[in-house]
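Peer 1: Can you read through this structure? Questions will come right after.
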Amino acid sequence: GAGVSQTPSNKVTEKGKYVELRCDPISGHTALYWYRQSLGQGPEFLIYFQGTGAADDSGLPNDRFFAVRPEGSVSTLKIQRTERGDSAVYLCASSSGGGGSGTQYFGPGTRLTVL
Amino acid sequence: AQRVTQPEKLLSVFKGAPVELKCNYSYSGSPELFWYVQYSRQRLQLLLRHISRESIKGFTADLNKGETSFHLKKPFAQEEDSAMYYCALSGHSGGYQKVTFGTGTKLQVIP
């Protein structure tokens, strides 16, 4: 079946603008994760969903970042008033394991550039 | 708190030479350790996990709790092994298993 997909693959925006990044997990996967990967760094945890609810959002850097997963499938990461420091690759992963266990399957990422 | 350290940003070896990618972790409980790999222009994917105790593409990794290490090894490097390798730790946090990644090591296999 299809793997995790993310759209758009690239997003260029201006400082202060609002952006939405979308993640389509593998069908049936209840767990969904967002990570941010800056140049030269490993994936940095942002938020974890189990079903529709955010089980852990402790990685969101500030209140400009918000994520939803209203029907327990597709998730959207929303960034308000973007800053140049938000430029990074945003990765989404999903897994079938409850409680965050199980192998995570990653999407190709969205490269966000804030000018 | 859980932390993963990969001390080498870049490791260059000749084809056929042994490879060891280092990973050390910090975690107070019993962790689950993974190695993820990202080949050029491909997405991040799981290479192996310590609980499986398996060899994937000739790679093995043994969890050493005494040294808090999970080094990735392969006896004879191949050109197709060139990639970014990330060590990751899954530890219990607030009722679920939270995954923390290291900063990654770029493996360059020289023909």
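A note on labels: chains of the structure tokens are A, B, ... as shown, every chain counts residues from 1, and ligands are counted from 1 in their shown order.
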Using 7 Å as the limit and counting only C-alpha atoms, can you tabulate each residue of chain B that touches chain A, with its shortest atom-to-atom distance in Å and the two atoms involved, as JSON lines?

Peer 2:
{"residue": "B:Arg43", "atom": "CA", "partner": "A:Pro108", "partner_atom": "CA", "distance": 5.0}
{"residue": "B:Leu44", "atom": "CA", "partner": "A:Phe106", "partner_atom": "CA", "distance": 5.9}
{"residue": "B:Gln45", "atom": "CA", "partner": "A:Phe106", "partner_atom": "CA", "distance": 6.6}
{"residue": "B:Gly95", "atom": "CA", "partner": "A:Gly99", "partner_atom": "CA", "distance": 6.9}
{"residue": "B:Tyr96", "atom": "CA", "partner": "A:Gly99", "partner_atom": "CA", "distance": 4.4}
{"residue": "B:Gln97", "atom": "CA", "partner": "A:Gly100", "partner_atom": "CA", "distance": 4.7}
{"residue": "B:Lys98", "atom": "CA", "partner": "A:Gly100", "partner_atom": "CA", "distance": 6.6}
{"residue": "B:Phe101", "atom": "CA", "partner": "A:Gly42", "partner_atom": "CA", "distance": 5.7}
{"residue": "B:Gly102", "atom": "CA", "partner": "A:Gly42", "partner_atom": "CA", "distance": 5.5}
{"residue": "B:Thr103", "atom": "CA", "partner": "A:Gly42", "partner_atom": "CA", "distance": 4.1}
{"residue": "B:Gly104", "atom": "CA", "partner": "A:Gly42", "partner_atom": "CA", "distance": 5.8}

Peer 1: Write the selection just made, keeping C-alpha atoms, as a JSON list (two decimals), in the first residue's frame?

Peer 2:
[["chain", "number", "residue", "atom", "x", "y", "z"],
["B", 43, "ARG", "CA", 13.03, 9.02, 3.08],
["B", 44, "LEU", "CA", 14.16, 8.01, 6.53],
["B", 45, "GLN", "CA", 13.60, 4.29, 7.13],
["B", 95, "GLY", "CA", 2.29, 7.06, 29.18],
["B", 96, "TYR", "CA", 3.77, 6.45, 25.77],
["B", 97, "GLN", "CA", 7.03, 5.58, 24.07],
["B", 98, "LYS", "CA", 8.81, 8.77, 22.99],
["B", 101, "PHE", "CA", 17.06, 10.82, 17.59],
["B", 102, "GLY", "CA", 20.77, 11.48, 17.51],
["B", 103, "THR", "CA", 22.27, 14.06, 15.19],
["B", 104, "GLY", "CA", 23.30, 11.46, 12.66]]

Peer 1: Near A:Gln6, counting only C-alpha atoms, which residues have an atom at most 12 Å away, once you skip same-chain residues fewer than 6 positions from it, shown as an NGL selection string?

Peer 2: (:A and (20-26 or 34 or 74-77 or 89-94 or 106-111)) or (:B and (43))

Peer 1: List every residue of chain A that DSSP, applied to the backbone of this structure, assigns to helix (DSSP H, G or I), and report them as number ranges by chain.

Peer 2: A: 84-86, 98-100

Peer 1: Export N, CA and C atoms of the chosen residues as a compact mmCIF listing (two decimals), in the first residue's frame?

Peer 2:
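What ended up in result_3.txt:
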# COMPACT_ATOMS: atom_id res chain seq x y z
N ARG A 84 12.27 33.28 10.24
CA ARG A 84 13.34 32.66 9.45
C ARG A 84 13.86 31.40 10.14
N GLY A 85 13.85 31.40 11.45
CA GLY A 85 14.32 30.24 12.20
C GLY A 85 13.42 29.02 12.08
N ASP A 86 12.24 29.19 11.50
CA ASP A 86 11.34 28.05 11.29
C ASP A 86 11.75 27.24 10.06
N GLY A 98 0.15 0.99 19.51
CA GLY A 98 -0.46 1.87 20.48
C GLY A 98 0.58 2.31 21.50
N GLY A 99 0.34 3.46 22.11
CA GLY A 99 1.27 3.95 23.12
C GLY A 99 2.60 4.37 22.57
N GLY A 100 2.64 4.60 21.25
CA GLY A 100 3.88 5.08 20.66
C GLY A 100 4.87 3.99 20.32

Peer 1: Find, counting only C-alpha atoms, the residue in A:Ile79, A:Val114, A:Leu32, A:Ala2 that gets nearest to A:Leu60.

Peer 2: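 Selected residue with least distance to A:Leu60: A:Ile79.
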
Peer 1: May I ask for the distance between atom CA of B:Ser40 and atom CA of B:Glu79, given in Å to one decimal place?

Peer 2: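 Computed distance, atom CA of B:Ser40 to atom CA of B:Glu79, equals 12.4 Å.
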
Peer 1: Determine, counting only C-alpha atoms, which protein, DNA and RNA residues have an atom within 8 Å of an atom of B:Leu89; residues of the same chain fewer than 3 positions away are not included. Present the result as a count of residues only.

Peer 2: 12

Peer 1: Set the distance at 7 Å and use only C-alpha atoms: which residues neighbour A:Ser96 once local chain neighbours fewer than 5 positions away are removed? I'd like the list as a PDB file with N, CA and C atoms, in the first residue's frame.

Peer 2:
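The resulting around.pdb:
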ATOM      1  N   HIS A  29      -3.024   3.371  10.559  1.00  0.00           N
ATOM      2  CA  HIS A  29      -2.070   3.709  11.619  1.00  0.00           C
ATOM      3  C   HIS A  29      -2.703   4.721  12.573  1.00  0.00           C
ATOM      4  N   THR A  30      -2.737   4.370  13.843  1.00  0.00           N
ATOM      5  CA  THR A  30      -3.384   5.243  14.821  1.00  0.00           C
ATOM      6  C   THR A  30      -2.423   6.298  15.366  1.00  0.00           C
ATOM      7  N   ALA A  31      -1.145   6.009  15.334  1.00  0.00           N
ATOM      8  CA  ALA A  31      -0.164   6.951  15.888  1.00  0.00           C
ATOM      9  C   ALA A  31       0.446   7.800  14.778  1.00  0.00           C
ATOM     10  N   GLY A 102       6.229   0.462  18.304  1.00  0.00           N
ATOM     11  CA  GLY A 102       6.181   0.031  16.922  1.00  0.00           C
ATOM     12  C   GLY A 102       7.041   0.881  16.015  1.00  0.00           C
TER      13      GLY A 102
END

Peer 1: Just how far from atom CA of B:Val37 is atom CA of B:Ile56, in Å to one decimal?

Peer 2: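 Separation of atom CA of B:Ile56 and atom CA of B:Val37: 11.4 Å.
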
Peer 1: Quick one: distance from atom CA of B:Phe14 to atom CA of B:Ser55 in Å, one decimal?

Peer 2: 21.2 Å

Peer 1: Closest to A:Glu14 among A:Phe65, A:Ser87, A:Thr82, A:Ser27, using only C-alpha atoms?

Peer 2: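 Comparing A:Phe65, A:Ser87, A:Thr82, A:Ser27 against A:Glu14, the winner is A:Thr82.
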